[in-house]
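This is query-v5.txt (compact mmCIF, C-alpha atoms and all ligand atoms).
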# COMPACT_ATOMS: atom_id res chain seq x y z
CA MET A 221 53.83 -35.20 29.80
CA LYS A 222 52.46 -34.71 26.30
CA LYS A 223 50.19 -37.73 26.78
CA VAL A 224 48.80 -36.30 29.99
CA LEU A 225 48.12 -33.00 28.26
CA LEU A 226 46.40 -34.75 25.35
CA VAL A 227 44.19 -36.84 27.65
CA THR A 228 43.30 -33.75 29.68
CA LEU A 229 42.47 -31.86 26.49
CA LEU A 230 40.33 -34.73 25.18
CA GLY A 231 38.49 -34.89 28.49
CA TYR A 232 37.84 -31.17 28.31
CA ILE A 233 36.52 -31.41 24.75
CA LEU A 234 34.22 -34.30 25.73
CA SER A 235 32.85 -32.43 28.74
CA VAL A 236 32.15 -29.36 26.59
CA GLY A 237 30.43 -31.66 24.06
CA ASN A 238 28.25 -33.18 26.75
CA SER A 239 27.16 -29.78 27.94
CA PHE A 240 25.71 -29.09 24.49
CA ALA A 241 22.78 -31.40 25.11
CA LEU A 242 19.89 -30.47 27.34
CA LEU A 243 16.71 -32.24 28.35
CA MET A 244 13.48 -30.35 27.78
CA SER A 245 12.77 -28.17 30.82
CA ASN A 246 9.61 -26.98 32.56
CA THR A 247 11.44 -24.50 34.79
CA ASP A 248 13.24 -22.33 32.21
CA LEU A 249 12.60 -18.59 31.73
CA TRP A 250 10.43 -19.17 28.63
CA ASP A 251 8.18 -21.70 30.34
CA VAL A 252 4.49 -21.02 31.03
CA SER A 253 5.23 -22.04 34.63
CA ASN A 254 7.27 -18.81 34.85
CA GLY A 255 4.43 -16.63 33.57
CA ILE A 256 5.22 -16.19 29.87
CA THR A 257 2.34 -15.37 27.54
CA ILE A 258 1.80 -16.09 23.86
CA ILE A 259 1.25 -12.81 21.99
CA ASP A 260 0.30 -14.26 18.59
CA HIS A 261 1.19 -17.03 16.15
CA SER A 262 0.69 -18.24 12.59
CA TYR A 263 -1.96 -20.86 11.94
CA LEU A 264 -1.68 -24.06 13.92
CA GLU A 265 -2.95 -27.47 12.89
CA ASN A 266 -6.76 -27.13 12.55
CA GLY A 267 -8.83 -24.55 14.36
CA PRO A 268 -9.96 -24.51 17.96
CA GLY A 269 -12.78 -26.74 19.13
CA THR A 270 -11.77 -30.16 17.85
CA TYR A 271 -9.62 -33.01 19.04
CA TRP A 272 -7.12 -31.98 16.38
CA ASP A 273 -6.34 -28.65 18.02
CA SER A 274 -2.77 -27.64 18.63
CA TYR A 275 -1.64 -24.87 20.97
CA ALA A 276 1.32 -22.54 20.61
CA ASP A 277 2.18 -22.69 24.32
CA ASN A 278 2.72 -26.45 24.14
CA MET A 279 6.25 -25.55 23.04
CA PHE A 280 6.71 -23.60 26.30
CA GLY A 281 5.77 -26.25 28.83
CA ALA A 282 1.98 -26.25 28.51
CA THR A 283 0.18 -29.54 27.91
CA HIS A 284 -3.39 -29.29 26.67
CA GLU A 285 -4.95 -32.68 27.25
CA GLY A 286 -7.46 -34.01 24.73
CA THR A 287 -5.71 -32.35 21.80
CA ILE A 288 -3.43 -33.67 19.12
CA GLU A 289 0.00 -34.43 20.61
CA PRO A 290 -0.56 -32.52 23.90
CA PRO A 291 3.13 -31.90 24.69
CA ASN A 292 3.92 -30.53 21.20
CA THR A 293 3.02 -27.57 19.01
CA ILE A 294 1.92 -28.67 15.55
CA PHE A 295 1.96 -25.93 12.93
CA ALA A 296 -0.56 -25.90 10.07
CA ASP A 297 -0.38 -28.49 7.29
CA ASN A 298 -0.06 -27.73 3.57
CA PRO A 299 1.23 -24.15 3.77
CA ALA A 300 1.72 -22.04 0.66
CA SER A 301 5.09 -21.97 -1.06
CA GLY A 302 7.76 -20.34 1.11
CA PHE A 303 5.49 -20.18 4.14
CA THR A 304 7.07 -19.16 7.44
CA HIS A 305 5.39 -20.50 10.58
CA TRP A 306 5.89 -18.22 13.58
CA VAL A 307 5.09 -17.58 17.22
CA GLU A 308 5.62 -14.52 19.43
CA TRP A 309 5.73 -14.55 23.22
CA GLN A 310 6.76 -12.36 26.11
CA THR A 311 8.22 -12.81 29.56
CA PRO A 312 6.63 -11.06 32.59
CA THR A 313 9.68 -8.79 32.91
CA PRO A 314 12.77 -8.24 30.73
CA ILE A 315 15.35 -11.03 30.86
CA ILE A 316 19.02 -11.45 29.99
CA LEU A 317 19.06 -14.46 27.66
CA THR A 318 22.32 -16.37 27.72
CA SER A 319 21.34 -19.66 26.03
CA PHE A 320 18.40 -21.58 24.60
CA ASN A 321 17.48 -25.17 23.77
CA LEU A 322 15.20 -26.31 20.94
CA VAL A 323 13.82 -29.84 20.60
CA ALA A 324 11.75 -30.81 17.54
CA ALA A 325 10.95 -33.98 15.66
CA HIS A 326 10.00 -34.45 12.02
CA GLY A 327 8.12 -37.45 10.63
CA SER A 328 9.89 -40.18 8.77
CA PRO A 329 11.80 -40.72 6.69
CA SER A 330 12.24 -37.14 5.48
CA TYR A 331 12.10 -33.80 7.25
CA THR A 332 9.60 -32.56 4.68
CA ASP A 333 7.05 -34.28 6.96
CA ARG A 334 6.54 -32.11 10.09
CA GLY A 335 9.97 -30.56 9.61
CA PHE A 336 11.43 -27.12 8.97
CA SER A 337 14.36 -26.08 6.84
CA GLU A 338 15.40 -23.01 8.81
CA PHE A 339 14.82 -21.65 12.32
CA ARG A 340 15.25 -18.00 13.27
CA LEU A 341 15.04 -16.50 16.74
CA TYR A 342 14.42 -12.80 17.37
CA GLY A 343 14.32 -10.62 20.46
CA SER A 344 12.85 -7.19 21.17
CA THR A 345 12.66 -4.78 24.09
CA ASP A 346 9.41 -3.15 22.91
CA GLY A 347 7.65 -5.81 20.80
CA SER A 348 8.00 -3.85 17.56
CA THR A 349 11.71 -3.58 16.68
CA TRP A 350 13.24 -7.03 16.31
CA ASP A 351 16.87 -8.13 16.41
CA ASN A 352 17.95 -11.48 15.02
CA ILE A 353 19.46 -13.55 17.83
CA TYR A 354 20.18 -16.77 15.97
CA THR A 355 19.61 -18.49 12.62
CA TYR A 356 19.91 -22.23 12.13
CA VAL A 357 19.66 -24.20 8.89
CA THR A 358 18.50 -27.77 9.53
CA GLU A 359 19.61 -30.96 7.85
CA ASP A 360 17.60 -33.82 6.40
CA PRO A 361 17.16 -35.82 8.57
CA TYR A 362 17.66 -33.68 11.70
CA GLY A 363 20.16 -36.24 13.05
CA GLY A 364 19.34 -36.33 16.78
CA GLY A 365 21.30 -35.15 19.83
CA GLU A 366 22.75 -36.65 22.98
CA ASN A 367 19.45 -36.80 24.87
CA TYR A 368 17.12 -37.39 21.93
CA THR A 369 19.08 -39.66 19.67
CA GLY A 370 16.50 -40.54 17.01
CA GLU A 371 17.52 -39.49 13.50
CA ASN A 372 14.27 -37.53 13.20
CA TYR A 373 15.03 -35.46 16.33
CA LEU A 374 16.53 -32.00 16.39
CA GLU A 375 18.29 -31.05 19.60
CA LEU A 376 19.78 -27.58 19.31
CA TYR A 377 21.45 -26.04 22.35
CA VAL A 378 23.03 -22.63 21.78
CA ASP A 379 25.18 -20.78 24.28
CA LEU A 380 25.02 -17.18 23.02
CA SER A 381 28.37 -15.46 22.65
CA SER A 382 26.70 -12.17 23.70
CA PRO A 383 23.77 -12.24 26.16
CA VAL A 384 20.58 -10.63 24.82
CA THR A 385 18.34 -8.38 26.93
CA ALA A 386 14.72 -8.57 25.77
CA GLN A 387 11.14 -9.10 26.94
CA TYR A 388 9.56 -10.04 23.60
CA PHE A 389 10.65 -12.98 21.47
CA LYS A 390 9.73 -14.43 18.09
CA ALA A 391 10.57 -17.81 16.56
CA GLU A 392 10.19 -18.49 12.83
CA PHE A 393 10.22 -21.91 11.17
CA ASP A 394 10.38 -22.21 7.38
CA GLN A 395 8.40 -25.16 6.08
CA ALA A 396 10.66 -27.96 4.81
CA GLY A 397 9.31 -28.64 1.34
CA VAL A 398 6.23 -26.80 0.18
CA GLY A 399 2.80 -27.98 -0.82
CA ALA A 400 1.33 -31.20 0.50
CA TYR A 401 3.61 -31.46 3.49
CA SER A 402 2.78 -31.52 7.17
CA GLY A 403 3.53 -28.48 9.33
CA PRO A 404 6.49 -28.57 11.74
CA ARG A 405 6.29 -30.34 15.09
CA ILE A 406 8.02 -28.38 17.88
CA LYS A 407 8.43 -30.26 21.12
CA GLU A 408 9.94 -27.55 23.36
CA LEU A 409 11.82 -24.26 23.19
CA ASP A 410 13.57 -23.33 26.43
CA GLY A 411 15.32 -20.06 27.33
CA TYR A 412 17.99 -19.64 30.00
CA GLY A 413 19.56 -16.64 31.69
CA SER A 414 18.34 -14.33 34.43
CA PRO A 415 15.72 -11.63 34.96
CA VAL A 416 16.97 -8.08 34.52
CA PRO A 417 17.46 -6.70 38.04
CA ILE A 418 14.88 -4.02 38.85
CA PRO A 419 16.63 -0.89 40.22
CA GLY A 420 13.66 -0.09 42.47
CA ALA A 421 13.77 -3.53 44.07
CA ALA A 422 17.50 -3.22 44.66
CA TRP A 423 16.92 0.17 46.27
CA LEU A 424 14.13 -1.22 48.47
CA LEU A 425 16.30 -4.16 49.48
CA GLY A 426 19.14 -1.77 50.24
CA SER A 427 16.91 0.55 52.30
CA GLY A 428 15.47 -2.50 54.08
CA LEU A 429 18.95 -3.58 55.06
CA VAL A 430 19.76 -0.07 56.25
CA GLY A 431 16.53 -0.17 58.24
CA LEU A 432 17.48 -3.49 59.80
CA VAL A 433 20.89 -2.18 60.77
CA ALA A 434 19.24 0.92 62.25
CA VAL A 435 16.79 -1.18 64.26
CA ARG A 436 19.61 -3.39 65.52
CA ARG A 437 21.64 -0.36 66.55
CA CYS A 438 18.63 1.07 68.36
CA LYS A 439 18.18 -2.19 70.26
CA VAL A 440 21.83 -2.15 71.28
CA CA A 501 10.14 -25.18 28.86
CA CA A 502 6.45 -29.13 25.03

Would you give me this structure, written as structure tokens?
Ligand SMILES: [Ca+2]
Ligand SMILES: [Ca+2]
Amino acid sequence: MKKVLLVTLLGYILSVGNSFALLMSNTDLWDVSNGITIIDHSYLENGPGTYWDSYADNMFGATHEGTIEPPNTIFADNPASGFTHWVEWQTPTPIILTSFNLVAAHGSPSYTDRGFSEFRLYGSTDGSTWDNIYTYVTEDPYGGGENYTGENYLELYVDLSSPVTAQYFKAEFDQAGVGAYSGPRIKELDGYGSPVPIPGAAWLLGSGLVGLVAVRRCKV
């Protein structure tokens, strides 16, 4: 009996472990395919107008062909000491965020090349007052995950203990090492949850149903 319990428990632990690994998504709530917009960001690698452009929305599903690493966002190289790279974005309507998934990759062998030492995620309902949602201190090297196993890969899936309602979001990445190091490479940042129900829409739906019932009754 004890053996059965132990095996069941181990199976449960393994299944929970497996769930903490997600592939990058192009259908999540923070994806450009769902209408999010970039509000602003810190400097990206080089300025606009050259092959070496990078775009902030490449970390939210966009892929700008003809630029450096089209699927990725590359933050600026050689930042000043203590520099924090950042990006702000908003969803079309407020959402209830229940989990998120971050995939990044530093150069090799050390995370001081295209890596960050700390990641912080913030949320806001009005775009001006920010609440910290999550803080993560990275390791050198990142160590990989279950889907992206390379030692230089970071795969961070976080199931939030308390869902967060917000429409504005900000991600900060502290440069790993300072000085002549390359800015962080972010492959994708995905958000999961559900849109906040709109009371008006619920009322309309309700009145529509009442209307349908009324029409049906009339027909009878
Ligand atoms: Ca995405
Ligand atoms: Ca991407």

Practice item. Please provide as number ranges by chain all residues within 10 Å of Leu242 (chain A), with the sequence filter that same-chain residues fewer than 3 positions apart are discarded (counting all atoms listed in the file). Key: A: 238-239, 245, 320-323, 365-368, 375-377, 410

Exercise for review: Please give me, as a list in words, the residues lying within 9 Å of ligand CA 501 (chain A) when counting all atoms listed in the file.
Suggested key: Met244, Ser245, Asn246, Thr247, Asp248, Leu249, Trp250, Asp251, Val252, Ser253, Asn278, Met279, Phe280, Gly281, Ala282, Asn321, Glu408, Leu409, Asp410 and Gly411 of chain A

**Study point:** Interatomic distance, CA of Arg405 (chain A) to CA of Phe336 (chain A) (Å, one decimal)
**Key:**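 Taking CA of Arg405 (chain A) and CA of Phe336 (chain A), their separation equals 8.6 Å.
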
Residues of region 376-405 of chain A at most 10 Å from region 288-294 of chain A: nearest atom pair and distance in Å, only C-alpha atoms, as a Markdown table:
| residue | atom | partner | partner_atom | distance |
| --- | --- | --- | --- | --- |
| A:Ser402 | CA | A:Ile294 | CA | 8.9 |
| A:Gly403 | CA | A:Ile294 | CA | 6.4 |
| A:Pro404 | CA | A:Ile294 | CA | 6.0 |
| A:Arg405 | CA | A:Ile294 | CA | 4.7 |

Check your understanding: For Asn372 (chain A), which residue among A:Tyr275, A:Trp309, A:Tyr263, A:Tyr331 is the nearest when counting all atoms listed in the file?
Key -> A:Tyr331
